[in-house]
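As provided, query-v9.csv (CSV, C-alpha atoms) reads as follows.
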chain,number,residue,atom,x,y,z
A,23,MET,CA,-23.3,64.0,-42.6
A,24,ASN,CA,-26.5,62.2,-41.7
A,25,MET,CA,-28.1,62.1,-38.2
A,26,LYS,CA,-26.9,58.5,-37.5
A,27,ALA,CA,-23.3,59.6,-38.1
A,28,ILE,CA,-23.6,62.6,-35.9
A,29,LEU,CA,-25.1,60.6,-33.1
A,30,ALA,CA,-22.3,58.1,-33.4
A,31,MET,CA,-19.7,60.8,-33.2
A,32,VAL,CA,-21.3,62.4,-30.2
A,33,ALA,CA,-21.4,59.0,-28.5
A,34,ALA,CA,-17.7,58.4,-29.3
A,35,VAL,CA,-16.8,61.8,-27.9
A,36,GLY,CA,-18.8,61.1,-24.7
A,37,ILE,CA,-17.0,57.7,-24.2
A,38,MET,CA,-13.6,59.3,-24.7
A,39,ALA,CA,-14.5,62.1,-22.3
A,40,SER,CA,-15.7,59.6,-19.6
A,41,HIS,CA,-12.5,57.6,-20.0
A,42,SER,CA,-10.4,60.7,-19.7
A,43,ALA,CA,-12.3,61.8,-16.6
A,44,LEU,CA,-11.9,58.3,-15.1
A,45,ALA,CA,-8.1,58.5,-15.7
A,46,GLN,CA,-7.9,61.9,-14.1
A,47,ASP,CA,-9.9,60.7,-11.0
A,48,GLN,CA,-7.5,57.8,-10.5
A,49,GLN,CA,-4.7,58.3,-8.0
A,50,PHE,CA,-1.6,56.1,-8.2
A,51,VAL,CA,0.5,55.2,-5.2
A,52,SER,CA,3.6,53.2,-4.9
A,53,ILE,CA,4.9,51.0,-2.0
A,54,GLY,CA,8.7,50.6,-1.6
A,55,THR,CA,9.5,47.1,-0.3
A,56,GLY,CA,12.8,45.1,-0.6
A,57,GLY,CA,14.3,42.2,-2.6
A,58,VAL,CA,11.8,39.9,-4.3
A,59,THR,CA,13.0,36.9,-2.3
A,60,GLY,CA,12.2,38.5,1.1
A,61,VAL,CA,8.9,39.1,2.9
A,62,TYR,CA,8.8,42.9,2.2
A,63,TYR,CA,7.9,42.4,-1.4
A,64,PRO,CA,5.0,40.1,-0.8
A,65,THR,CA,3.9,42.4,2.0
A,66,GLY,CA,3.6,45.3,-0.4
A,67,GLY,CA,1.8,43.0,-2.9
A,68,ALA,CA,-0.7,41.9,-0.3
A,69,ILE,CA,-1.5,45.5,0.7
A,70,CYS,CA,-1.9,46.4,-3.0
A,71,ARG,CA,-4.1,43.4,-3.6
A,72,LEU,CA,-6.6,44.5,-1.0
A,73,VAL,CA,-6.5,48.2,-2.0
A,74,ASN,CA,-6.9,47.4,-5.8
A,75,LYS,CA,-9.8,45.1,-5.2
A,76,ASP,CA,-12.0,48.2,-4.7
A,77,ARG,CA,-10.2,50.7,-6.8
A,78,LYS,CA,-13.3,51.5,-8.9
A,79,GLU,CA,-15.0,52.8,-5.8
A,80,HIS,CA,-12.1,54.8,-4.3
A,81,GLY,CA,-10.0,55.6,-7.4
A,82,ILE,CA,-6.7,54.6,-5.8
A,83,ARG,CA,-4.4,52.3,-7.8
A,84,CYS,CA,-1.6,50.7,-5.8
A,85,SER,CA,1.7,49.3,-7.2
A,86,VAL,CA,4.8,47.7,-5.6
A,87,GLU,CA,8.4,48.5,-6.2
A,88,SER,CA,11.3,46.2,-5.3
A,89,THR,CA,13.9,48.4,-3.6
A,90,GLY,CA,17.1,48.3,-1.5
A,91,GLY,CA,15.1,48.1,1.7
A,92,SER,CA,14.2,50.0,4.8
A,93,ILE,CA,16.5,53.0,4.6
A,94,TYR,CA,16.1,53.5,0.9
A,95,ASN,CA,12.3,53.4,1.4
A,96,ILE,CA,12.3,56.0,4.1
A,97,ASN,CA,14.6,58.3,2.2
A,98,THR,CA,12.6,58.0,-1.0
A,99,ILE,CA,9.3,58.7,0.9
A,100,LYS,CA,11.0,61.8,2.3
A,101,GLY,CA,12.0,62.8,-1.2
A,102,GLY,CA,8.4,62.4,-2.4
A,103,GLU,CA,9.2,59.7,-4.9
A,104,LEU,CA,7.3,57.0,-3.0
A,105,GLU,CA,4.1,57.4,-1.0
A,106,PHE,CA,4.5,54.3,1.2
A,107,GLY,CA,7.2,51.9,2.3
A,108,VAL,CA,8.0,48.9,4.5
A,109,ALA,CA,10.7,49.5,7.0
A,110,GLN,CA,12.3,47.9,10.0
A,111,SER,CA,11.0,49.4,13.3
A,112,ASP,CA,14.5,50.5,14.3
A,113,TRP,CA,15.0,52.6,11.2
A,114,GLN,CA,11.5,54.1,11.6
A,115,TYR,CA,12.7,55.1,15.1
A,116,HIS,CA,16.0,56.5,13.9
A,117,ALA,CA,14.5,58.4,11.0
A,118,PHE,CA,11.9,60.1,13.1
A,119,ASN,CA,14.2,60.9,15.9
A,120,GLY,CA,17.2,61.9,13.8
A,121,SER,CA,19.6,59.3,15.4
A,122,SER,CA,22.1,56.8,14.1
A,123,ARG,CA,22.3,57.0,10.3
A,124,PHE,CA,19.6,59.7,10.3
A,125,GLU,CA,21.5,62.0,12.6
A,126,ASP,CA,21.9,64.6,9.8
A,127,ASN,CA,18.9,63.5,7.9
A,128,GLN,CA,16.0,63.6,10.3
A,129,PHE,CA,12.5,62.9,8.9
A,130,GLU,CA,10.1,64.6,11.2
A,131,GLY,CA,7.3,64.2,8.6
A,132,LEU,CA,7.6,60.4,8.8
A,133,ARG,CA,4.2,58.8,9.8
A,134,ALA,CA,3.3,55.3,10.9
A,135,VAL,CA,0.4,53.4,9.3
A,136,PHE,CA,0.6,50.0,10.9
A,137,SER,CA,3.1,47.3,11.9
A,138,VAL,CA,3.3,43.9,10.2
A,139,HIS,CA,5.3,40.8,11.1
A,140,PRO,CA,8.1,40.3,13.5
A,141,GLU,CA,11.6,40.1,11.9
A,142,PRO,CA,14.2,38.1,13.9
A,143,VAL,CA,17.9,38.4,13.0
A,144,THR,CA,18.3,35.3,11.0
A,145,ILE,CA,21.9,33.9,10.5
A,146,LEU,CA,22.4,31.2,8.0
A,147,ALA,CA,25.8,29.3,7.8
A,148,ARG,CA,27.4,26.5,6.0
A,149,ARG,CA,27.5,23.4,8.2
A,150,ASP,CA,31.3,23.2,7.6
A,151,SER,CA,31.9,26.9,8.5
A,152,GLY,CA,32.4,26.5,12.2
A,153,ILE,CA,29.7,29.1,12.8
A,154,ASP,CA,27.2,28.1,15.6
A,155,ASN,CA,26.5,31.5,17.0
A,156,ILE,CA,26.9,35.1,16.1
A,157,THR,CA,30.1,35.2,18.0
A,158,ASP,CA,31.7,32.7,15.6
A,159,VAL,CA,31.5,35.0,12.5
A,160,VAL,CA,34.8,36.7,13.4
A,161,GLY,CA,37.4,35.6,10.8
A,162,LYS,CA,34.7,34.3,8.5
A,163,ARG,CA,33.4,35.3,5.0
A,164,PHE,CA,30.1,36.9,5.9
A,165,ASN,CA,27.5,38.9,4.0
A,166,VAL,CA,26.6,42.0,5.9
A,167,GLY,CA,23.9,43.4,3.5
A,168,ASN,CA,23.7,45.7,0.6
A,169,ASP,CA,24.1,49.5,0.7
A,170,GLY,CA,20.8,51.2,1.6
A,171,SER,CA,19.4,48.1,3.3
A,172,GLY,CA,18.2,47.8,6.9
A,173,THR,CA,20.3,44.6,7.0
A,174,LEU,CA,23.6,46.5,6.6
A,175,ALA,CA,22.6,49.2,8.9
A,176,THR,CA,21.7,46.7,11.6
A,177,TRP,CA,25.0,44.9,11.1
A,178,GLU,CA,26.7,48.2,11.8
A,179,VAL,CA,24.8,48.4,15.1
A,180,ILE,CA,25.7,44.8,16.0
A,181,GLU,CA,29.3,45.5,15.0
A,182,ALA,CA,29.5,48.4,17.4
A,183,ALA,CA,27.8,46.5,20.2
A,184,MET,CA,30.2,43.6,19.9
A,185,GLY,CA,33.3,45.8,19.6
A,186,TRP,CA,34.1,44.6,16.1
A,187,SER,CA,35.4,46.3,13.1
A,188,ARG,CA,34.8,45.3,9.5
A,189,ASP,CA,38.4,44.0,9.4
A,190,ASP,CA,37.4,41.3,11.9
A,191,LEU,CA,35.8,39.5,9.0
A,192,ALA,CA,37.8,37.6,6.4
A,193,LEU,CA,35.4,39.0,3.8
A,194,ALA,CA,32.6,41.5,4.4
A,195,ALA,CA,30.4,40.9,1.3
A,196,LYS,CA,27.6,43.4,0.4
A,197,MET,CA,25.3,41.3,-1.7
A,198,LYS,CA,21.6,41.7,-2.1
A,199,SER,CA,19.5,39.1,-0.4
A,200,ALA,CA,18.7,37.4,-3.7
A,201,GLU,CA,22.4,36.6,-4.2
A,202,THR,CA,23.1,35.1,-0.8
A,203,ALA,CA,21.8,31.6,-1.2
A,204,GLY,CA,23.8,31.0,-4.4
A,205,ALA,CA,26.9,32.4,-2.8
A,206,LEU,CA,26.6,30.3,0.3
A,207,CYS,CA,26.0,27.1,-1.7
A,208,ASP,CA,28.9,27.9,-4.1
A,209,ASN,CA,31.2,28.4,-1.0
A,210,LYS,CA,31.9,32.0,-1.8
A,211,ILE,CA,30.8,33.0,1.7
A,212,ASP,CA,30.5,31.1,5.0
A,213,GLY,CA,27.3,32.7,6.2
A,214,TYR,CA,24.9,35.6,5.9
A,215,PHE,CA,22.3,37.3,8.0
A,216,TRP,CA,19.2,39.3,7.4
A,217,LEU,CA,16.0,40.3,9.3
A,218,VAL,CA,13.0,38.6,7.9
A,219,GLY,CA,9.6,37.2,8.8
A,220,HIS,CA,9.2,33.5,8.9
A,221,PRO,CA,8.7,31.2,7.1
A,222,SER,CA,10.7,32.8,4.3
A,223,ALA,CA,11.3,31.5,0.8
A,224,LEU,CA,15.0,32.5,0.7
A,225,THR,CA,15.7,30.8,4.1
A,226,HIS,CA,14.0,27.6,2.9
A,227,GLU,CA,15.9,27.8,-0.5
A,228,THR,CA,19.2,28.2,1.2
A,229,ILE,CA,18.7,25.3,3.6
A,230,ALA,CA,17.2,23.0,0.9
A,231,SER,CA,19.9,23.8,-1.7
A,232,CYS,CA,23.1,23.4,0.4
A,233,ASP,CA,22.2,21.9,3.8
A,234,ALA,CA,22.8,25.2,5.6
A,235,LYS,CA,21.8,25.8,9.2
A,236,ILE,CA,20.3,28.6,11.2
A,237,VAL,CA,22.4,29.7,14.1
A,238,SER,CA,21.7,31.7,17.2
A,239,ALA,CA,22.4,35.3,18.0
A,240,VAL,CA,23.2,35.1,21.8
A,241,ALA,CA,25.8,37.1,23.7
A,242,PRO,CA,25.9,39.4,26.7
A,243,GLU,CA,26.5,42.3,24.3
A,244,ILE,CA,23.2,41.4,22.5
A,245,ASP,CA,21.3,41.3,25.8
A,246,GLN,CA,22.5,44.8,26.6
A,247,LEU,CA,21.7,45.9,23.1
A,248,VAL,CA,18.1,44.7,23.5
A,249,ALA,CA,17.8,46.2,27.0
A,250,ASP,CA,19.0,49.6,25.8
A,251,ARG,CA,16.8,50.0,22.7
A,252,PRO,CA,13.0,50.0,22.8
A,253,TYR,CA,12.7,48.9,19.1
A,254,TYR,CA,14.6,45.6,19.7
A,255,ARG,CA,13.1,42.5,21.3
A,256,LYS,CA,14.2,38.9,22.1
A,257,ALA,CA,12.9,36.4,19.6
A,258,ASN,CA,12.9,32.7,18.7
A,259,ILE,CA,12.8,31.1,15.2
A,260,PRO,CA,10.7,28.0,15.8
A,261,GLY,CA,12.3,24.6,15.4
A,262,GLY,CA,11.0,22.4,12.7
A,263,MET,CA,10.0,25.2,10.4
A,264,TYR,CA,12.9,24.4,8.1
A,265,PRO,CA,14.3,21.0,7.2
A,266,GLY,CA,17.4,19.9,9.2
A,267,ASN,CA,16.8,22.6,11.8
A,268,PRO,CA,14.7,20.9,14.6
A,269,ASP,CA,15.5,23.2,17.5
A,270,ASP,CA,14.3,26.7,18.4
A,271,ILE,CA,16.9,29.3,17.6
A,272,ALA,CA,17.4,32.1,20.1
A,273,THR,CA,17.9,35.5,18.6
A,274,PHE,CA,16.6,39.0,18.7
A,275,GLY,CA,15.0,41.3,16.2
A,276,VAL,CA,12.7,44.1,15.1
A,277,GLY,CA,9.3,44.4,13.5
A,278,ALA,CA,8.3,45.2,10.0
A,279,THR,CA,6.3,48.5,9.8
A,280,PHE,CA,4.3,50.2,7.1
A,281,VAL,CA,5.1,53.9,6.9
A,282,THR,CA,4.3,57.0,4.9
A,283,SER,CA,4.7,60.8,5.0
A,284,ALA,CA,2.6,63.5,6.6
A,285,ASP,CA,2.4,65.0,3.1
A,286,VAL,CA,0.3,62.0,1.8
A,287,SER,CA,-3.3,62.9,2.0
A,288,ASP,CA,-5.5,61.7,4.8
A,289,GLU,CA,-8.0,60.2,2.4
A,290,VAL,CA,-5.3,58.0,0.7
A,291,VAL,CA,-3.9,56.8,4.0
A,292,TYR,CA,-7.4,56.2,5.3
A,293,THR,CA,-8.3,54.1,2.3
A,294,ILE,CA,-5.2,51.9,2.5
A,295,ALA,CA,-5.3,51.4,6.3
A,296,LYS,CA,-9.0,50.5,6.1
A,297,ALA,CA,-8.4,48.1,3.2
A,298,VAL,CA,-5.9,46.1,5.3
A,299,LEU,CA,-7.3,46.3,8.8
A,300,GLY,CA,-10.8,46.1,7.7
A,301,ASN,CA,-10.0,42.9,5.8
A,302,LEU,CA,-7.5,41.4,8.2
A,303,GLU,CA,-8.7,37.8,7.8
A,304,ASP,CA,-8.0,38.1,4.0
A,305,PHE,CA,-4.6,39.8,4.7
A,306,ARG,CA,-3.5,37.0,7.1
A,307,ARG,CA,-4.1,34.4,4.3
A,308,LEU,CA,-1.9,36.2,1.8
A,309,HIS,CA,1.4,35.1,3.5
A,310,PRO,CA,2.4,32.6,6.2
A,311,ALA,CA,4.3,35.4,8.1
A,312,PHE,CA,0.9,37.2,8.6
A,313,ALA,CA,-0.9,34.2,10.1
A,314,HIS,CA,-0.9,35.4,13.7
A,315,LEU,CA,-1.2,39.1,13.2
A,316,LYS,CA,-3.6,40.9,15.7
A,317,ALA,CA,-5.2,44.2,14.8
A,318,GLU,CA,-4.6,45.7,18.3
A,319,GLU,CA,-0.9,45.0,18.0
A,320,MET,CA,-0.6,46.2,14.4
A,321,ILE,CA,-1.9,49.7,15.3
A,322,SER,CA,0.5,50.1,18.3
A,323,ASP,CA,3.5,47.7,18.4
A,324,SER,CA,6.9,48.8,16.9
A,325,LEU,CA,5.5,52.3,15.9
A,326,SER,CA,7.9,55.1,16.9
A,327,ALA,CA,6.6,57.8,14.5
A,328,PRO,CA,3.1,59.2,15.1
A,329,LEU,CA,0.2,57.5,13.4
A,330,HIS,CA,-1.0,59.3,10.3
A,331,PRO,CA,-4.3,61.1,10.8
A,332,GLY,CA,-5.8,59.1,8.0
A,333,ALA,CA,-4.9,55.8,9.7
A,334,ILE,CA,-6.4,57.0,13.0
A,335,ARG,CA,-9.6,57.8,11.2
A,336,ALA,CA,-9.7,54.3,9.7
A,337,TYR,CA,-9.0,52.6,13.1
A,338,GLN,CA,-11.7,54.7,14.8
A,339,GLU,CA,-14.3,53.7,12.2
A,340,LEU,CA,-13.3,50.1,12.6
A,341,GLY,CA,-13.7,50.3,16.4
A,342,LEU,CA,-10.0,49.7,17.0
A,343,MET,CA,-9.4,53.1,18.6
A,344,GLU,CA,-11.5,55.6,20.5

Mind turning this structure into structure tokens?
Amino acid sequence: MNMKAILAMVAAVGIMASHSALAQDQQFVSIGTGGVTGVYYPTGGAICRLVNKDRKEHGIRCSVESTGGSIYNINTIKGGELEFGVAQSDWQYHAFNGSSRFEDNQFEGLRAVFSVHPEPVTILARRDSGIDNITDVVGKRFNVGNDGSGTLATWEVIEAAMGWSRDDLALAAKMKSAETAGALCDNKIDGYFWLVGHPSALTHETIASCDAKIVSAVAPEIDQLVADRPYYRKANIPGGMYPGNPDDIATFGVGATFVTSADVSDEVVYTIAKAVLGNLEDFRRLHPAFAHLKAEEMISDSLSAPLHPGAIRAYQELGLME
């Protein structure tokens, strides 16, 4: 073998070794979100976009998974199969405190990273359904959310507050959010609800496809529900946001939050928290639901679990916390 061939072989081995070292240095993290038609999925995508922009410097590669929603995400983070997830603020509270559906499955290791957009209870109904308010769904065909979703779990809370049972509905469908618009337009259901940031693509699709309407969620029982629980708040869906729905809609809701586990390293959480809050203007531009986010609210509002130490470090460096 001549010297030129030897040098070529040495160079090739060096390149392979450097590629192998680079692969070993990279750390992969996954974010659990929700259905692809909601806002959770693009929220995860927006976070990953900002993280992956500088992956050559920090070595973290972020990916998004479409999942069943809040409760699935929290349980899967607890099981170590996801590093991060988006979850409703109420289910963050219940998971950390071991209440409601987490009574026998408390997740004391749950940690908050930041909150994202508000999520009003959004009820859509066929115009011929006779549904004008949440109180009108009794006796109707209504989608209450798929198993494992924050939507279904929230329906169970509403059901208890209103003194209803599942038998009070003519049909209690358990479709995923992506299936609801088609079912409503095909007259398979009279209405559905979910908790979502606005504007939302599925809400617009439903209204545009079958002239549906958004209806209010107002009742004395709802007022008491909000008064009794710190993670709920009164909300309005602005009129004029969707065609044929000119008036503000009174409702209530939660906040979307970004969560992780105490077992995820401080460095990883620090990198992701800083990528988002350190580039908040860019993040706001990635979805209309993020347009009015404020850093000081993102690091405090709707967060029941303790902030992860990695997130605290990021916010201190950004001058958002002492």

Sorted by chain and rising residue number, list the residues of segment 61-106 of chain A at most 8 Å from segment 112-126 of chain A (counting all atoms listed in the file), each with its closest atom pair and distance in Å to one decimal, as CSV.
residue,atom,partner,partner_atom,distance
A:Ser92,CA,A:Trp113,CA,7.0
A:Ile93,CA,A:Trp113,CA,6.8
A:Ile96,CA,A:Ala117,CA,7.6

Using all atoms listed in the file, what does the table of segment 199-269 of chain A residues within 12 Å of segment 315-333 of chain A look like, with each row giving the shortest atom pair and its distance in Å to one decimal, sorted by chain and ascending number, as JSON lines?
{"residue": "A:Gly219", "atom": "CA", "partner": "A:Leu315", "partner_atom": "CA", "distance": 11.8}
{"residue": "A:Arg251", "atom": "CA", "partner": "A:Ser324", "partner_atom": "CA", "distance": 11.5}
{"residue": "A:Pro252", "atom": "CA", "partner": "A:Ser324", "partner_atom": "CA", "distance": 8.6}
{"residue": "A:Tyr253", "atom": "CA", "partner": "A:Ser324", "partner_atom": "CA", "distance": 6.2}
{"residue": "A:Tyr254", "atom": "CA", "partner": "A:Ser324", "partner_atom": "CA", "distance": 8.8}
{"residue": "A:Arg255", "atom": "CA", "partner": "A:Ser324", "partner_atom": "CA", "distance": 9.9}

(message) Quick one: residues within 12 Å of Ala205 of chain A, all atoms listed in the file, excluding same-chain residues fewer than 5 positions away - as a list in words?
(response) Leu146, Ala147, Arg148, Arg163, Phe164, Asn165, Ala195, Lys196, Met197, Lys198, Ser199, Ala200, Lys210, Ile211, Asp212, Gly213, Tyr214, Thr228, Ser231, Cys232 and Ala234 of chain A

For the contact check between segment 221-340 of chain A and segment 75-79 of chain A, emit one row per residue of segment 221-340 of chain A within 12 Å, containing the shortest atom pair and the distance in Å rounded to one decimal, counting only C-alpha atoms, chain then rising number order, as a Markdown table.
| residue | atom | partner | partner_atom | distance |
| --- | --- | --- | --- | --- |
| A:Val290 | CA | A:Arg77 | CA | 11.6 |
| A:Thr293 | CA | A:Asp76 | CA | 9.9 |
| A:Ile294 | CA | A:Asp76 | CA | 10.6 |
| A:Lys296 | CA | A:Asp76 | CA | 11.4 |
| A:Ala297 | CA | A:Asp76 | CA | 8.7 |
| A:Val298 | CA | A:Lys75 | CA | 11.2 |
| A:Asn301 | CA | A:Lys75 | CA | 11.2 |
| A:Asp304 | CA | A:Lys75 | CA | 11.7 |

(request) Find, counting only C-alpha atoms, the residue in A:Thr55, A:Asp47, A:Asp208, A:Lys162 that gets nearest to Gly67 of chain A. (result)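 When distances to Gly67 of chain A are compared using only C-alpha atoms, the smallest one comes from A:Thr55.
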
(request) Would you list the contacts of Gly60 of chain A as a list in words, taking every protein, DNA or RNA residue within 8 Å and counting all atoms listed in the file, but skipping same-chain residues closer than 6 positions in sequence? (result)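 In the requested form, the answer reads Ser199, Val218, Ser222, Ala223 and Leu224 of chain A.
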
Incomplete segment 128-145 of chain A brought to N, CA, C and O atoms, written out as a PDB file, in the frame of the given file:
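Wrote part_34.pdb, looks like this:
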ATOM      1  N   GLN A 128      17.188  63.904   9.596  1.00  0.00           N
ATOM      2  CA  GLN A 128      16.000  63.600  10.300  1.00  0.00           C
ATOM      3  C   GLN A 128      14.727  63.769   9.460  1.00  0.00           C
ATOM      4  O   GLN A 128      14.642  64.688   8.651  1.00  0.00           O
ATOM      5  N   PHE A 129      13.771  62.882   9.633  1.00  0.00           N
ATOM      6  CA  PHE A 129      12.500  62.900   8.900  1.00  0.00           C
ATOM      7  C   PHE A 129      11.376  63.091   9.837  1.00  0.00           C
ATOM      8  O   PHE A 129      10.705  62.144  10.207  1.00  0.00           O
ATOM      9  N   GLU A 130      11.140  64.344  10.247  1.00  0.00           N
ATOM     10  CA  GLU A 130      10.100  64.600  11.200  1.00  0.00           C
ATOM     11  C   GLU A 130       8.690  64.405  10.612  1.00  0.00           C
ATOM     12  O   GLU A 130       7.708  64.247  11.345  1.00  0.00           O
ATOM     13  N   GLY A 131       8.622  64.398   9.282  1.00  0.00           N
ATOM     14  CA  GLY A 131       7.300  64.200   8.600  1.00  0.00           C
ATOM     15  C   GLY A 131       7.012  62.702   8.416  1.00  0.00           C
ATOM     16  O   GLY A 131       5.990  62.371   7.806  1.00  0.00           O
ATOM     17  N   LEU A 132       7.847  61.789   8.922  1.00  0.00           N
ATOM     18  CA  LEU A 132       7.600  60.400   8.800  1.00  0.00           C
ATOM     19  C   LEU A 132       6.333  60.027   9.652  1.00  0.00           C
ATOM     20  O   LEU A 132       6.203  60.495  10.785  1.00  0.00           O
ATOM     21  N   ARG A 133       5.448  59.210   9.099  1.00  0.00           N
ATOM     22  CA  ARG A 133       4.200  58.800   9.800  1.00  0.00           C
ATOM     23  C   ARG A 133       4.067  57.292   9.719  1.00  0.00           C
ATOM     24  O   ARG A 133       4.330  56.691   8.675  1.00  0.00           O
ATOM     25  N   ALA A 134       3.620  56.703  10.817  1.00  0.00           N
ATOM     26  CA  ALA A 134       3.300  55.300  10.900  1.00  0.00           C
ATOM     27  C   ALA A 134       1.931  55.010  10.364  1.00  0.00           C
ATOM     28  O   ALA A 134       1.027  55.845  10.538  1.00  0.00           O
ATOM     29  N   VAL A 135       1.739  53.841   9.748  1.00  0.00           N
ATOM     30  CA  VAL A 135       0.400  53.400   9.300  1.00  0.00           C
ATOM     31  C   VAL A 135       0.009  52.166  10.135  1.00  0.00           C
ATOM     32  O   VAL A 135      -1.018  52.148  10.795  1.00  0.00           O
ATOM     33  N   PHE A 136       0.821  51.129  10.088  1.00  0.00           N
ATOM     34  CA  PHE A 136       0.600  50.000  10.900  1.00  0.00           C
ATOM     35  C   PHE A 136       1.888  49.125  10.953  1.00  0.00           C
ATOM     36  O   PHE A 136       2.775  49.313  10.125  1.00  0.00           O
ATOM     37  N   SER A 137       1.978  48.225  11.907  1.00  0.00           N
ATOM     38  CA  SER A 137       3.100  47.300  11.900  1.00  0.00           C
ATOM     39  C   SER A 137       2.640  45.982  11.292  1.00  0.00           C
ATOM     40  O   SER A 137       1.447  45.705  11.186  1.00  0.00           O
ATOM     41  N   VAL A 138       3.619  45.183  10.872  1.00  0.00           N
ATOM     42  CA  VAL A 138       3.300  43.900  10.200  1.00  0.00           C
ATOM     43  C   VAL A 138       3.933  42.791  11.035  1.00  0.00           C
ATOM     44  O   VAL A 138       3.729  42.715  12.238  1.00  0.00           O
ATOM     45  N   HIS A 139       4.729  41.968  10.428  1.00  0.00           N
ATOM     46  CA  HIS A 139       5.300  40.800  11.100  1.00  0.00           C
ATOM     47  C   HIS A 139       6.540  41.042  11.842  1.00  0.00           C
ATOM     48  O   HIS A 139       7.268  41.988  11.533  1.00  0.00           O
ATOM     49  N   PRO A 140       6.845  40.208  12.850  1.00  0.00           N
ATOM     50  CA  PRO A 140       8.100  40.300  13.500  1.00  0.00           C
ATOM     51  C   PRO A 140       9.263  39.861  12.576  1.00  0.00           C
ATOM     52  O   PRO A 140       9.049  39.018  11.704  1.00  0.00           O
ATOM     53  N   GLU A 141      10.446  40.442  12.762  1.00  0.00           N
ATOM     54  CA  GLU A 141      11.600  40.100  11.900  1.00  0.00           C
ATOM     55  C   GLU A 141      12.814  39.781  12.760  1.00  0.00           C
ATOM     56  O   GLU A 141      13.606  40.645  13.122  1.00  0.00           O
ATOM     57  N   PRO A 142      12.996  38.514  13.085  1.00  0.00           N
ATOM     58  CA  PRO A 142      14.200  38.100  13.900  1.00  0.00           C
ATOM     59  C   PRO A 142      15.454  38.233  13.013  1.00  0.00           C
ATOM     60  O   PRO A 142      15.437  38.015  11.799  1.00  0.00           O
ATOM     61  N   VAL A 143      16.559  38.570  13.673  1.00  0.00           N
ATOM     62  CA  VAL A 143      17.900  38.400  13.000  1.00  0.00           C
ATOM     63  C   VAL A 143      18.075  36.966  12.734  1.00  0.00           C
ATOM     64  O   VAL A 143      18.024  36.115  13.626  1.00  0.00           O
ATOM     65  N   THR A 144      18.262  36.666  11.461  1.00  0.00           N
ATOM     66  CA  THR A 144      18.300  35.300  11.000  1.00  0.00           C
ATOM     67  C   THR A 144      19.696  35.058  10.349  1.00  0.00           C
ATOM     68  O   THR A 144      20.002  35.638   9.311  1.00  0.00           O
ATOM     69  N   ILE A 145      20.518  34.226  10.991  1.00  0.00           N
ATOM     70  CA  ILE A 145      21.900  33.900  10.500  1.00  0.00           C
ATOM     71  C   ILE A 145      21.900  32.545   9.926  1.00  0.00           C
ATOM     72  O   ILE A 145      21.565  31.573  10.597  1.00  0.00           O
TER      73      ILE A 145
END
